[in-house]
file query.cif (mmCIF, C-alpha atoms)
data_protein
#
loop_
_atom_site.label_atom_id
_atom_site.label_comp_id
_atom_site.auth_asym_id
_atom_site.auth_seq_id
_atom_site.Cartn_x
_atom_site.Cartn_y
_atom_site.Cartn_z
CA MET A 1 -0.64 -34.87 -9.48
CA ASN A 2 -1.73 -33.28 -12.77
CA LYS A 3 1.00 -30.94 -14.05
CA TYR A 4 -1.58 -28.33 -15.06
CA PHE A 5 -2.97 -28.35 -11.51
CA ILE A 6 0.57 -27.88 -10.16
CA LEU A 7 1.11 -24.96 -12.56
CA MET A 8 -2.17 -23.37 -11.43
CA ILE A 9 -1.16 -23.64 -7.75
CA ALA A 10 2.25 -22.13 -8.50
CA THR A 11 0.61 -19.23 -10.33
CA VAL A 12 -1.78 -18.55 -7.43
CA LEU A 13 1.06 -18.71 -4.88
CA ALA A 14 3.17 -16.31 -6.97
CA SER A 15 0.22 -13.92 -7.24
CA CYS A 16 -0.40 -14.03 -3.48
CA SER A 17 3.28 -13.48 -2.79
CA SER A 18 3.35 -10.44 -5.10
CA SER A 19 0.18 -9.07 -3.49
CA ASN A 20 1.58 -9.51 0.02
CA LYS A 21 4.83 -7.80 -0.98
CA THR A 22 2.90 -4.84 -2.42
CA GLU A 23 0.83 -4.54 0.76
CA GLN A 24 3.98 -4.58 2.88
CA MET A 25 5.54 -1.84 0.75
CA LEU A 26 2.38 0.26 0.97
CA VAL A 27 2.47 0.45 4.77
CA GLY A 28 3.75 3.85 5.86
CA ASN A 29 3.34 7.60 5.45
CA TRP A 30 2.90 8.76 1.86
CA ILE A 31 3.26 12.44 0.97
CA GLU A 32 1.95 13.84 -2.32
CA VAL A 33 4.55 15.29 -4.66
CA MET A 34 3.56 18.72 -6.04
CA PRO A 35 0.05 19.10 -4.63
CA VAL A 36 -2.27 21.93 -5.69
CA SER A 37 -0.39 24.34 -3.44
CA LEU A 38 3.26 23.89 -2.48
CA ASP A 39 2.45 25.38 0.92
CA ILE A 40 0.22 22.40 1.69
CA VAL A 41 1.51 18.98 2.75
CA GLU A 42 -1.05 16.30 1.91
CA GLY A 43 -1.00 12.53 1.91
CA VAL A 44 -2.15 9.34 3.59
CA THR A 45 -0.89 6.98 6.28
CA LEU A 46 -1.50 3.26 5.62
CA GLU A 47 -1.18 0.99 8.65
CA LYS A 48 -0.54 -2.77 8.83
CA ASP A 49 -3.99 -3.56 10.21
CA GLY A 50 -5.77 -1.92 7.28
CA LYS A 51 -6.40 1.38 9.02
CA ALA A 52 -5.79 4.60 7.08
CA SER A 53 -5.63 8.27 8.05
CA SER A 54 -5.27 11.53 6.16
CA ILE A 55 -2.22 13.77 6.30
CA GLY A 56 -2.91 17.50 6.07
CA MET A 57 -6.52 17.08 4.88
CA HIS A 58 -9.40 18.13 7.12
CA THR A 59 -12.30 17.58 4.74
CA LEU A 60 -11.18 14.22 3.28
CA LEU A 61 -10.74 11.72 6.10
CA TYR A 62 -9.39 8.26 5.22
CA GLU A 63 -10.37 5.39 7.52
CA LYS A 64 -9.27 2.06 5.99
CA TRP A 65 -7.55 0.53 2.97
CA GLU A 66 -6.88 -2.71 1.10
CA THR A 67 -5.42 -3.89 -2.20
CA LYS A 68 -6.95 -6.08 -4.89
CA ASP A 69 -5.86 -6.80 -8.46
CA SER A 70 -3.12 -4.13 -8.46
CA LYS A 71 -5.53 -1.55 -7.11
CA LEU A 72 -5.49 0.44 -3.88
CA MET A 73 -8.91 1.01 -2.32
CA LEU A 74 -9.39 3.75 0.25
CA TRP A 75 -12.52 4.22 2.36
CA GLY A 76 -13.33 7.38 4.27
CA LYS A 77 -15.58 10.36 4.81
CA SER A 78 -15.82 13.62 2.87
CA ILE A 79 -16.84 16.56 5.03
CA GLY A 80 -18.13 19.81 3.58
CA ASN A 81 -21.11 22.12 3.13
CA GLY A 82 -22.58 20.96 6.42
CA GLN A 83 -22.74 17.28 5.44
CA THR A 84 -20.64 14.12 5.73
CA ILE A 85 -20.52 11.63 2.85
CA ASP A 86 -18.98 8.14 2.91
CA PHE A 87 -16.76 7.41 -0.10
CA ILE A 88 -14.46 4.78 -1.57
CA ASP A 89 -11.56 5.64 -3.89
CA THR A 90 -10.27 2.93 -6.23
CA LEU A 91 -6.82 3.76 -7.57
CA SER A 92 -4.60 1.76 -9.91
CA ILE A 93 -1.06 1.16 -8.66
CA VAL A 94 1.13 2.22 -11.59
CA SER A 95 4.42 1.65 -9.78
CA ILE A 96 5.76 1.26 -6.26
CA THR A 97 9.26 1.24 -4.79
CA PRO A 98 10.38 1.36 -1.16
CA ASP A 99 10.20 5.17 -1.23
CA SER A 100 7.88 6.17 -4.11
CA LEU A 101 4.34 5.42 -5.24
CA ILE A 102 2.43 6.40 -8.38
CA LEU A 103 -1.36 5.99 -8.46
CA ASP A 104 -3.75 6.45 -11.38
CA LYS A 105 -7.42 7.37 -11.09
CA PHE A 106 -9.62 6.14 -13.95
CA GLY A 107 -6.84 6.89 -16.42
CA LYS A 108 -7.54 10.62 -16.04
CA TYR A 109 -4.71 11.75 -13.80
CA ARG A 110 -1.79 10.39 -11.80
CA ILE A 111 -0.67 11.18 -8.27
CA THR A 112 2.95 10.69 -7.18
CA TYR A 113 3.91 10.17 -3.53
CA TYR A 114 7.13 9.81 -1.57
CA LYS A 115 7.45 7.90 1.70
CA VAL A 116 8.65 9.33 5.01
CA ALA A 117 9.50 7.25 8.07
CA SER A 118 7.93 9.82 10.38
CA LEU A 119 5.67 12.81 9.87
CA ASP A 120 8.35 14.77 11.72
CA ASP A 121 10.62 14.13 8.69
CA ILE A 122 8.41 16.20 6.38
CA LYS A 123 10.41 19.19 5.23
CA PRO A 124 8.35 22.36 4.67
CA PHE A 125 8.63 23.72 1.14
CA ASN A 126 11.22 26.47 0.78
CA VAL A 127 11.64 28.08 -2.64
CA LEU A 128 15.30 28.81 -1.83
CA ASP A 129 15.96 25.05 -2.01
CA SER A 130 15.42 25.42 -5.77
CA LEU A 131 17.84 28.33 -6.16
CA LYS A 132 20.81 27.27 -8.27
CA GLU A 133 24.08 27.98 -6.47
CA VAL A 134 26.56 30.33 -8.09
CA ALA A 135 30.29 29.73 -7.68
CA HIS A 136 32.32 32.13 -5.55
CA THR A 137 29.32 33.81 -3.95
CA GLU A 138 27.14 33.03 -0.96
CA GLU A 139 25.17 36.28 -0.84
CA ILE A 140 21.52 36.03 -1.83
CA GLU A 141 19.73 39.20 -2.89
CA THR A 142 16.06 39.54 -1.94
CA ARG A 143 13.77 42.13 -3.52
CA GLN A 144 10.07 42.57 -2.85
CA TYR A 145 7.59 44.36 -5.12
CA ASN A 146 3.88 45.14 -4.67
CA GLY A 147 1.36 45.61 -7.45
CA VAL A 148 -2.13 44.95 -8.78
CA ILE A 149 -3.01 42.73 -11.75
CA PRO A 150 -6.61 42.49 -13.05
CA ASN A 151 -7.79 38.93 -13.80
CA LYS A 152 -10.00 37.80 -16.68
CA SER A 153 -13.09 38.95 -14.76
CA CYS A 154 -11.52 42.41 -14.36
CA VAL A 155 -11.24 41.86 -10.61
CA GLU A 156 -8.13 43.46 -9.19
CA ILE A 157 -5.78 41.06 -7.42
CA LYS A 158 -3.18 42.40 -5.02
CA ASN A 159 0.19 40.75 -5.51
CA GLU A 160 3.40 40.64 -3.53
CA LEU A 161 6.32 39.46 -5.66
CA THR A 162 9.57 38.38 -4.00
CA LEU A 163 12.65 37.75 -6.16
CA TYR A 164 15.66 35.77 -4.93
CA ASN A 165 18.98 35.51 -6.75
CA TYR A 166 22.64 35.18 -5.95
CA LYS A 167 24.53 38.45 -6.26
CA ASN A 168 25.63 39.20 -9.86
CA SER A 169 23.45 36.38 -11.22
CA GLY A 170 20.58 37.07 -13.60
CA ASP A 171 18.76 33.85 -12.77
CA GLY A 172 16.88 33.11 -9.57
CA VAL A 173 13.57 32.00 -8.10
CA TYR A 174 10.43 33.84 -7.06
CA LYS A 175 7.39 33.69 -4.84
CA MET A 176 4.13 35.43 -5.78
CA THR A 177 1.51 35.92 -3.07
CA SER A 178 -1.86 36.89 -4.56
CA THR A 179 -4.75 38.20 -2.46
CA TYR A 180 -8.25 38.54 -3.89
CA LEU A 181 -11.83 38.86 -2.70
CA ARG A 182 -14.25 35.95 -2.84
CA PRO A 183 -17.95 36.56 -3.66
CA ASN A 184 -18.75 36.73 0.07
CA ASN A 185 -16.11 39.48 0.45
CA GLU A 186 -13.75 37.17 2.33
CA GLN A 187 -10.10 37.46 1.40
CA ALA A 188 -8.34 34.47 -0.13
CA THR A 189 -4.59 34.14 -0.53
CA ASP A 190 -2.67 31.93 -2.95
CA ASN A 191 1.08 31.43 -3.32
CA SER A 192 2.86 30.47 -6.53
CA TYR A 193 6.53 29.71 -7.09
CA GLY A 194 8.91 29.35 -10.01
CA ARG A 195 12.15 30.38 -11.67
CA MET A 196 13.23 33.88 -12.71
CA TYR A 197 15.31 34.50 -15.83
CA THR A 198 16.82 37.79 -16.99
CA LEU A 199 16.35 38.58 -20.69
CA ARG A 200 17.90 41.35 -22.74
CA GLY A 201 15.53 43.41 -24.91
CA ASP A 202 11.77 43.80 -25.29
CA ALA A 203 9.51 44.71 -28.23
CA GLN A 204 10.49 48.42 -28.03
CA ASN A 205 14.08 48.46 -26.78
CA VAL A 206 16.87 45.98 -27.52
CA ASP A 207 18.71 47.08 -24.37
CA ALA A 208 15.77 46.67 -22.00
CA VAL A 209 16.09 44.30 -19.03
CA VAL A 210 13.19 41.87 -18.71
CA TYR A 211 12.48 39.46 -15.88
CA GLN A 212 10.70 36.35 -17.08
CA LEU A 213 8.90 34.29 -14.42
CA VAL A 214 8.30 30.61 -15.21
CA PRO A 215 6.11 28.78 -12.65
CA PHE A 216 7.05 25.35 -11.34
CA LYS A 217 3.47 24.28 -12.08
CA GLY A 218 1.78 25.37 -15.29
CA ASP A 219 3.11 26.87 -18.49
CA VAL A 220 1.95 30.52 -18.31
CA MET A 221 5.00 32.76 -18.14
CA THR A 222 4.91 36.33 -16.81
CA ASN A 223 7.21 39.07 -18.12
CA PHE A 224 8.23 42.26 -16.33
CA LEU A 225 10.23 45.21 -17.65
CA TYR A 226 12.82 46.13 -15.02
CA GLN A 227 12.78 49.87 -14.21
CA GLY A 228 14.95 50.13 -11.11
CA ASP A 229 12.54 50.53 -8.21
CA SER A 230 9.57 49.22 -10.19
CA LEU A 231 8.55 46.43 -12.58
CA GLN A 232 6.24 47.03 -15.54
CA LEU A 233 4.08 44.07 -16.59
CA LEU A 234 4.56 43.06 -20.24
CA THR A 235 2.55 40.85 -22.58
CA SER A 236 3.72 37.40 -23.69
CA ASP A 237 5.34 39.00 -26.77
CA LEU A 238 7.17 41.52 -24.55
CA LYS A 239 4.98 44.51 -25.36
CA LEU A 240 3.35 47.02 -23.04
CA PRO A 241 -0.29 46.01 -22.36
CA GLU A 242 -3.21 48.41 -22.79
CA THR A 243 -3.82 48.32 -19.05
CA LYS A 244 -0.52 49.11 -17.39
CA SER A 245 0.32 47.31 -14.15
CA VAL A 246 3.35 48.54 -12.24
CA PHE A 247 4.92 46.72 -9.29
CA LYS A 248 6.73 49.03 -6.90
CA LEU A 249 9.80 47.97 -4.90
CA GLN A 250 9.09 47.94 -1.16
#

call {"tool": "encode", "arguments": {"input": "query.cif", "output": "structure tokens"}}
result
Amino acid sequence: MNKYFILMIATVLASCSSSNKTEQMLVGNWIEVMPVSLDIVEGVTLEKDGKASSIGMHTLLYEKWETKDSKLMLWGKSIGNGQTIDFIDTLSIVSITPDSLILDKFGKYRITYYKVASLDDIKPFNVLDSLKEVAHTEEIETRQYNGVIPNKSCVEIKNELTLYNYKNSGDGVYKMTSTYLRPNNEQATDNSYGRMYTLRGDAQNVDAVVYQLVPFKGDVMTNFLYQGDSLQLLTSDLKLPETKSVFKLQ
């Protein structure tokens, strides 16, 4: 037998073996890491027979899947605005391990997933899981403030800010619940989470206490001047803004 023909067969067999191994690893429940909202659990279940189903998505319904040339193809239906549209997503498999998967869409963005054996194993997000423990203390302080911040369109957004930190520690985590009106006058609520750091001094007073909030997602920090039972919103350079927004302790 021609040695080049033998080499070609070996190459094809190796490719098929790699493809089959990838398909076997893809079977299971995949949960998206850091979706748009941490309160939402989203993902996809890939079954051995090529069937697929959505996890936590009611308007994007997966139906089947297959792999080809290091790509994952997902078929399904998109439901919205009173119509149903068939779609196919073609995603490049950047990397896959027994418990993690990274997909790329047209080189524009990447989605990272982790695998769970059962949907019952999905742990709801809890911001306290990100709170750094402090030695010799188990007591967590919780403070809740309410206030209004105007957005770029000058629409007032009601906010509920909850700060968590171990007693006698200046660092902690936070949750911000924002409620605003949509054009149709329906209320919409969004939650954001991140870390809280305590700084000393602002633009006017070197002894001032400032809480700096750094979101887990995004790079826009928020600064508050601590005033006991209230928090005064500051600018990025730690100055008082022209429009004062004060958060009152509940």

call {"tool": "resolve_selection", "arguments": {"input": "query.cif", "expression": "the PyMOL selection byres ((chain A and resi 122) around 12)", "output": "MDAnalysis selection string"}}
result
chainID A and resid 29:33 40:43 55:56 114:121 123:125

call {"tool": "write_last_selection", "arguments": {"input": "query.cif", "atoms": "C-alpha atoms", "output": "compact mmCIF listing (two decimals), keeping the file's coordinate frame"}}
result
# COMPACT_ATOMS: atom_id res chain seq x y z
CA ASN A 29 3.34 7.60 5.45
CA TRP A 30 2.90 8.76 1.86
CA ILE A 31 3.26 12.44 0.97
CA GLU A 32 1.95 13.84 -2.32
CA VAL A 33 4.55 15.29 -4.66
CA ILE A 40 0.22 22.40 1.69
CA VAL A 41 1.51 18.98 2.75
CA GLU A 42 -1.05 16.30 1.91
CA GLY A 43 -1.00 12.53 1.91
CA ILE A 55 -2.22 13.77 6.30
CA GLY A 56 -2.91 17.50 6.07
CA TYR A 114 7.13 9.81 -1.57
CA LYS A 115 7.45 7.90 1.70
CA VAL A 116 8.65 9.33 5.01
CA ALA A 117 9.50 7.25 8.07
CA SER A 118 7.93 9.82 10.38
CA LEU A 119 5.67 12.81 9.87
CA ASP A 120 8.35 14.77 11.72
CA ASP A 121 10.62 14.13 8.69
CA LYS A 123 10.41 19.19 5.23
CA PRO A 124 8.35 22.36 4.67
CA PHE A 125 8.63 23.72 1.14

call {"tool": "resolve_selection", "arguments": {"input": "query.cif", "expression": "the PyMOL selection byres ((chain A and resi 92-98) around 8)", "output": "list of chain:residue names"}}
result
A:Thr22, A:Met25, A:Ser70, A:Lys71, A:Leu72, A:Thr90, A:Leu91, A:Asp99, A:Ser100, A:Leu101, A:Ile102, A:Leu103, A:Asp104, A:Lys105, A:Phe106, A:Lys115

call {"tool": "write_last_selection", "arguments": {"input": "query.cif", "atoms": "C-alpha atoms", "output": "PDB file, in the coordinates of the input"}}
result
ATOM      1  CA  THR A  22       2.900  -4.840  -2.420  1.00  0.00           C
ATOM      2  CA  MET A  25       5.540  -1.840   0.750  1.00  0.00           C
ATOM      3  CA  SER A  70      -3.120  -4.130  -8.460  1.00  0.00           C
ATOM      4  CA  LYS A  71      -5.530  -1.550  -7.110  1.00  0.00           C
ATOM      5  CA  LEU A  72      -5.490   0.440  -3.880  1.00  0.00           C
ATOM      6  CA  THR A  90     -10.270   2.930  -6.230  1.00  0.00           C
ATOM      7  CA  LEU A  91      -6.820   3.760  -7.570  1.00  0.00           C
ATOM      8  CA  ASP A  99      10.200   5.170  -1.230  1.00  0.00           C
ATOM      9  CA  SER A 100       7.880   6.170  -4.110  1.00  0.00           C
ATOM     10  CA  LEU A 101       4.340   5.420  -5.240  1.00  0.00           C
ATOM     11  CA  ILE A 102       2.430   6.400  -8.380  1.00  0.00           C
ATOM     12  CA  LEU A 103      -1.360   5.990  -8.460  1.00  0.00           C
ATOM     13  CA  ASP A 104      -3.750   6.450 -11.380  1.00  0.00           C
ATOM     14  CA  LYS A 105      -7.420   7.370 -11.090  1.00  0.00           C
ATOM     15  CA  PHE A 106      -9.620   6.140 -13.950  1.00  0.00           C
ATOM     16  CA  LYS A 115       7.450   7.900   1.700  1.00  0.00           C
TER      17      LYS A 115
END

call {"tool": "resolve_selection", "arguments": {"input": "query.cif", "expression": "the PyMOL selection byres ((chain A and resi 138-145) around 6)", "output": "count of residues only"}}
result
14

call {"tool": "atom_distance", "arguments": {"input": "query.cif", "atom1": "atom CA of A:Asn223", "atom2": "atom CA of A:Thr235"}}
result
6.7 Å

call {"tool": "atom_distance", "arguments": {"input": "query.cif", "atom1": "atom CA of A:Asp86", "atom2": "atom CA of A:Ala52"}}
result
14.3 Å

call {"tool": "closest_residue", "arguments": {"input": "query.cif", "among": "A:Asp69, A:Trp75, A:Phe87, A:Gln204", "to": "A:Leu234", "atoms": "all atoms listed in the file"}}
result
A:Gln204

call {"tool": "atom_distance", "arguments": {"input": "query.cif", "atom1": "atom CA of A:Lys132", "atom2": "atom CA of A:Gly228"}}
result
23.8 Å
